[in-house]
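Data block for run_23.txt (compact mmCIF, C-alpha atoms):
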```
# COMPACT_ATOMS: atom_id res chain seq x y z
CA MET T 10 20.76 157.94 -23.53
CA SER T 11 21.56 161.37 -22.19
CA GLN T 12 23.22 161.62 -18.80
CA LEU T 13 23.56 164.78 -16.65
CA ILE T 14 26.59 164.91 -14.40
CA PRO T 15 26.93 167.64 -11.71
CA ILE T 16 30.10 169.74 -11.85
CA VAL T 17 31.22 171.22 -8.54
CA SER T 18 33.82 173.87 -9.26
CA GLU T 19 33.90 177.25 -7.56
CA ALA T 20 36.10 178.61 -10.38
CA LEU T 21 33.53 177.67 -13.02
CA GLN T 22 30.63 178.95 -10.90
CA ALA T 23 32.46 182.26 -10.34
CA THR T 24 32.96 182.58 -14.10
CA VAL T 25 29.24 181.98 -14.72
CA ARG T 26 28.36 184.64 -12.09
CA LYS T 27 30.80 187.09 -13.73
CA LEU T 28 29.66 186.47 -17.31
CA LEU T 29 25.96 186.20 -16.47
CA PRO T 30 25.32 188.62 -13.59
CA SER T 31 21.55 188.13 -13.82
CA GLN T 32 22.12 184.43 -13.03
CA ALA T 33 24.32 185.05 -9.95
CA GLY T 34 21.93 183.43 -7.52
CA PHE T 35 20.44 180.64 -9.61
CA GLY T 36 21.31 178.15 -6.86
CA GLU T 37 21.90 175.13 -9.08
CA ASP T 38 25.16 173.29 -9.61
CA LEU T 39 26.60 173.33 -13.09
CA GLN T 40 25.96 170.16 -15.05
CA ALA T 41 27.63 168.41 -17.96
CA SER T 42 25.91 166.23 -20.49
CA ASN T 43 27.22 163.40 -22.62
CA VAL T 44 25.16 164.70 -25.54
CA ILE T 45 26.83 166.85 -28.20
CA VAL T 46 24.99 170.16 -28.53
CA PRO T 47 25.90 172.58 -31.31
CA ILE T 48 26.65 176.09 -30.04
CA ILE T 49 26.34 179.36 -31.92
CA ASP T 50 28.53 181.97 -30.25
CA LEU T 51 26.87 185.39 -30.47
CA THR T 52 29.24 186.94 -27.92
CA PRO T 53 31.11 189.28 -30.32
CA SER T 54 27.82 190.67 -31.69
CA ALA T 55 26.30 191.02 -28.22
CA GLU T 56 29.40 192.86 -26.99
CA GLY T 57 29.47 195.08 -30.07
CA SER T 58 32.92 193.73 -30.88
CA GLN T 59 32.34 192.17 -34.27
CA LEU T 60 35.15 194.31 -35.65
CA ALA T 61 38.49 192.62 -36.12
CA THR T 62 40.97 193.47 -33.33
CA ASP T 63 43.21 195.64 -35.49
CA LEU T 64 40.18 197.61 -36.69
CA GLN T 65 38.92 198.08 -33.11
CA ARG T 66 42.25 199.68 -32.18
CA SER T 67 42.15 202.14 -35.07
CA PHE T 68 42.29 205.88 -34.53
CA SER T 69 39.36 208.12 -35.44
CA PHE T 70 39.03 211.89 -35.63
CA GLN T 71 36.68 212.08 -32.63
CA GLY T 72 38.47 209.47 -30.55
CA ILE T 73 42.09 210.58 -30.35
CA THR T 74 43.97 212.88 -28.04
CA SER T 75 47.04 214.49 -29.59
CA PHE T 76 50.14 215.35 -27.58
CA SER T 77 53.44 217.08 -28.20
CA ALA T 78 56.61 217.35 -26.10
CA GLN T 79 59.50 219.61 -27.05
CA ASN T 80 61.66 220.65 -24.09
CA SER T 81 58.59 219.86 -21.98
CA THR T 82 56.45 217.11 -20.48
CA ALA T 83 53.16 216.00 -22.02
CA VAL T 84 50.70 213.85 -20.06
CA VAL T 85 49.52 211.31 -22.61
CA ALA T 86 46.86 209.53 -20.51
CA ASN T 87 45.88 209.55 -16.83
CA SER T 88 42.57 207.69 -16.51
CA PRO T 89 42.29 203.96 -15.79
CA GLY T 90 42.13 201.71 -18.82
CA PHE T 91 44.03 200.43 -21.83
CA TYR T 92 45.55 202.96 -24.25
CA ARG T 93 47.07 202.72 -27.69
CA ILE T 94 49.84 205.29 -28.16
CA PHE T 95 51.32 206.21 -31.50
CA ALA T 96 54.21 208.71 -31.69
CA ALA T 97 57.06 210.00 -33.81
CA VAL T 98 60.30 210.93 -32.03
CA ASP T 99 62.97 213.15 -33.58
CA ASN T 100 66.31 213.84 -31.82
CA LEU T 101 69.09 216.08 -33.11
CA THR T 102 72.67 215.66 -31.93
CA GLY T 103 75.54 218.14 -32.03
CA THR T 104 73.70 220.68 -29.87
CA GLY T 105 76.22 220.76 -27.02
CA THR T 106 74.28 218.32 -24.83
CA ASP T 107 72.63 214.90 -24.97
CA THR T 108 68.99 215.09 -26.05
CA THR T 109 66.41 212.65 -24.72
CA VAL T 110 62.80 211.70 -25.27
CA GLU T 111 61.27 209.30 -22.77
CA PHE T 112 57.88 207.75 -22.05
CA GLN T 113 57.35 207.17 -18.34
CA LEU T 114 54.70 205.42 -16.27
CA SER T 115 53.91 207.00 -12.90
CA ASN T 116 51.79 205.99 -9.94
CA GLY T 117 52.11 209.42 -8.30
CA LEU T 118 54.92 208.27 -5.99
CA SER T 119 57.51 206.92 -8.41
CA THR T 120 58.14 206.60 -12.13
CA LYS T 121 59.32 203.82 -14.41
CA SER T 122 60.80 204.30 -17.84
CA LEU T 123 58.69 202.69 -20.54
CA TRP T 124 60.82 203.77 -23.52
CA LYS T 125 63.78 206.15 -23.81
CA CYS T 126 65.90 207.49 -26.66
CA ILE T 127 69.15 209.32 -25.91
CA ALA T 128 70.94 211.13 -28.74
CA LYS T 129 74.51 211.56 -27.55
CA ASN T 130 76.19 214.88 -28.19
CA VAL T 131 78.57 214.49 -31.12
CA VAL T 132 80.57 216.97 -33.19
CA ASN T 133 78.47 216.62 -36.35
CA ASP T 134 74.72 217.08 -36.48
CA ALA T 135 72.81 213.83 -36.84
CA TYR T 136 69.15 212.95 -36.57
CA SER T 137 67.68 210.05 -34.72
CA THR T 138 64.07 209.25 -35.64
CA HIS T 139 61.71 206.61 -34.29
CA THR T 140 58.08 205.65 -34.76
CA LEU T 141 56.35 204.08 -31.76
CA ASP T 142 53.08 202.18 -31.54
CA PHE T 143 52.34 200.48 -28.22
CA ILE T 144 49.58 199.70 -25.73
CA VAL T 145 49.68 200.47 -22.00
CA PHE T 146 47.38 199.67 -19.09
CA LEU T 147 46.79 202.29 -16.41
CA ALA T 148 45.30 201.43 -13.04
CA ALA T 149 43.63 204.12 -10.90
CA GLY T 150 46.12 206.87 -9.99
CA GLU T 151 48.57 205.99 -12.75
CA SER T 152 49.59 208.04 -15.80
CA VAL T 153 51.85 207.87 -18.83
CA SER T 154 53.84 210.92 -19.92
CA CYS T 155 56.25 211.89 -22.67
CA ILE T 156 59.27 213.92 -21.53
CA SER T 157 61.66 215.89 -23.76
CA ASN T 158 64.76 217.57 -22.31
CA ALA T 159 65.56 219.94 -25.22
CA THR T 160 64.00 221.80 -28.15
CA GLU T 161 65.99 219.47 -30.41
CA ALA T 162 64.22 216.45 -28.86
CA ARG T 163 60.69 216.35 -30.25
CA CYS T 164 57.84 213.93 -29.81
CA ASN T 165 54.42 214.25 -31.45
CA GLY T 166 51.72 211.65 -31.20
CA SER T 167 48.20 210.56 -30.45
CA SER T 168 46.56 208.27 -27.93
CA ARG T 169 43.22 206.53 -27.76
CA GLN T 170 41.57 204.56 -24.99
CA ILE T 171 40.89 201.15 -26.54
CA ALA T 172 39.36 199.47 -23.47
CA ASP T 173 38.19 200.43 -20.02
CA VAL T 174 39.82 199.28 -16.79
CA SER T 175 37.76 196.05 -16.89
CA GLY T 176 38.94 195.22 -20.41
CA LEU T 177 35.64 196.14 -22.11
CA VAL T 178 36.80 197.07 -25.61
CA SER T 179 35.62 200.37 -27.09
CA ASN T 180 35.15 200.76 -30.82
CA PRO T 181 36.56 203.84 -32.58
CA ALA T 182 34.49 206.98 -31.91
CA GLY T 183 31.92 207.49 -34.64
CA TYR T 184 31.84 203.82 -35.72
CA VAL T 185 28.33 202.41 -36.08
CA SER T 186 27.95 198.68 -36.66
CA GLN T 187 25.40 197.46 -39.17
```

Target encoding structure tokens, full file:
Amino acid sequence: MSQLIPIVSEALQATVRKLLPSQAGFGEDLQASNVIVPIIDLTPSAEGSQLATDLQRSFSFQGITSFSAQNSTAVVANSPGFYRIFAAVDNLTGTGTDTTVEFQLSNGLSTKSLWKCIAKNVVNDAYSTHTLDFIVFLAAGESVSCISNATEARCNGSSRQIADVSGLVSNPAGYVSQ
């Protein structure tokens, strides 16, 4: 015989209100049943996220923003959300000074180093190369920049917003699900 048991949990009720905004004021307590009910989860299709995660984060011609820093600063992203950043860094030594390429996060008041490569000045020329692929989250008022201190310190890359500030994933621009 089936039994319904009330569940009183503000955390669970808050989750239901968040996931089902049209049900926010339904006024009933959640209930559990001792009957096994098969569930078909249509969430990925309803969200438009039936793509595998690695495919969702892919770059597309329409969806990327390219950047380049060579003895300059390039703002990579400055709107709230999650960003995938892919870059190639090339440093040359033996130029008479240390060369650096750095990715920094800023909130407008201070900065924090996210990644930094310093090529120390040496007598012989030498190259330092790196490929980067990482994801950052920016809150309102924050930005991520790439800074190069010399023409021998180069960084070229692309960024793409992969989710909004609420975590709602965006598919690559131009992708149409079947």

Exercise. Using only C-alpha atoms, find the one residue out of T:His139, T:Ala23, T:Ser154, T:Leu147 that sits nearest to Asp99 (chain T).
Key: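 The answer is T:His139, which sits nearest to Asp99 (chain T).
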
Quiz prompt | Interatomic distance (Å, one decimal) between CA of Val185 (chain T) and CA of Val85 (chain T) | solution =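 It comes out at 26.6 Å.
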
Practice problem: Would you mind reading off the distance between CA of Thr24 (chain T) and CA of Ser175 (chain T), one decimal, in Å? | Solution: 14.6 Å

Leaving out region 17-19 of chain T and any residue of its chain fewer than 2 positions from it, which residues lie within 12 Å of it when counting all atoms listed in the file, given as a CSV table (one decimal) with C-alpha atoms, keeping the file's coordinate frame?
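As written to disk, result.csv reads:
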```
chain,number,residue,atom,x,y,z
T,14,ILE,CA,26.6,164.9,-14.4
T,15,PRO,CA,26.9,167.6,-11.7
T,21,LEU,CA,33.5,177.7,-13.0
T,22,GLN,CA,30.6,179.0,-10.9
T,23,ALA,CA,32.5,182.3,-10.3
T,24,THR,CA,33.0,182.6,-14.1
T,25,VAL,CA,29.2,182.0,-14.7
T,26,ARG,CA,28.4,184.6,-12.1
T,37,GLU,CA,21.9,175.1,-9.1
T,38,ASP,CA,25.2,173.3,-9.6
T,39,LEU,CA,26.6,173.3,-13.1
T,40,GLN,CA,26.0,170.2,-15.0
T,41,ALA,CA,27.6,168.4,-18.0
```

Exercise. Write out as a list in words each polymer residue whose atoms come within 9 Å of region 119-126 of chain T, counting all atoms listed in the file; drop sequence neighbours fewer than 5 positions from it.
Key: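 Answer for this query is Val98, Asn100, Thr108, Thr109, Val110, Glu111, Phe112, Gln113, Leu114, Ser137, His139 and Val153 of chain T.
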
Test item: which residues lie within 7 Å of (38.6, 205.7, -37.2) counting only C-alpha atoms, as a compact mmCIF listing (two decimals) with C-alpha atoms, in the frame of the given file:
```
# COMPACT_ATOMS: atom_id res chain seq x y z
CA SER T 67 42.15 202.14 -35.07
CA PHE T 68 42.29 205.88 -34.53
CA SER T 69 39.36 208.12 -35.44
CA PHE T 70 39.03 211.89 -35.63
CA PRO T 181 36.56 203.84 -32.58
CA ALA T 182 34.49 206.98 -31.91
```

Practice problem: Just give me the gap between CA of Gln12 (chain T) and CA of Lys27 (chain T) in Å, one decimal is fine. | Solution: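 Pair CA of Gln12 (chain T) / CA of Lys27 (chain T) returns 27.1 Å.
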
Quiz item: Of the residues T:Ser115, T:Ser152, T:Thr102, T:Ser88, which is the one nearest to Ala135 (chain T), using all atoms listed in the file?
Solution: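 Ranked by minimum distance to Ala135 (chain T), first place goes to T:Thr102.
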
Self-check item: Nearby residues (only C-alpha atoms) at most 12 Å from Asp173 (chain T), same-chain spacing under 3 positions excluded, as a PyMOL selection string
Solution: chain T and resi 88-93+145-149+169-170+176-180

Report, as lines of an AutoDock Vina configuration file, the axis-aligned box around all atoms of region 71-79 of chain T present in the file, extended by 5 Å on each side; give centre and edge lengths in Å to one decimal place.
```
center_x = 48.1
center_y = 214.5
center_z = -29.4
size_x = 32.8
size_y = 20.1
size_z = 16.5
```

Practice problem: May I have the residues at most 12 Å from (64.1, 219.3, -32.3) in the file's coordinates, counting only C-alpha atoms, as a PyMOL selection string? | Solution: chain T and resi 77-81+97-104+108-110+128+134-138+157-165
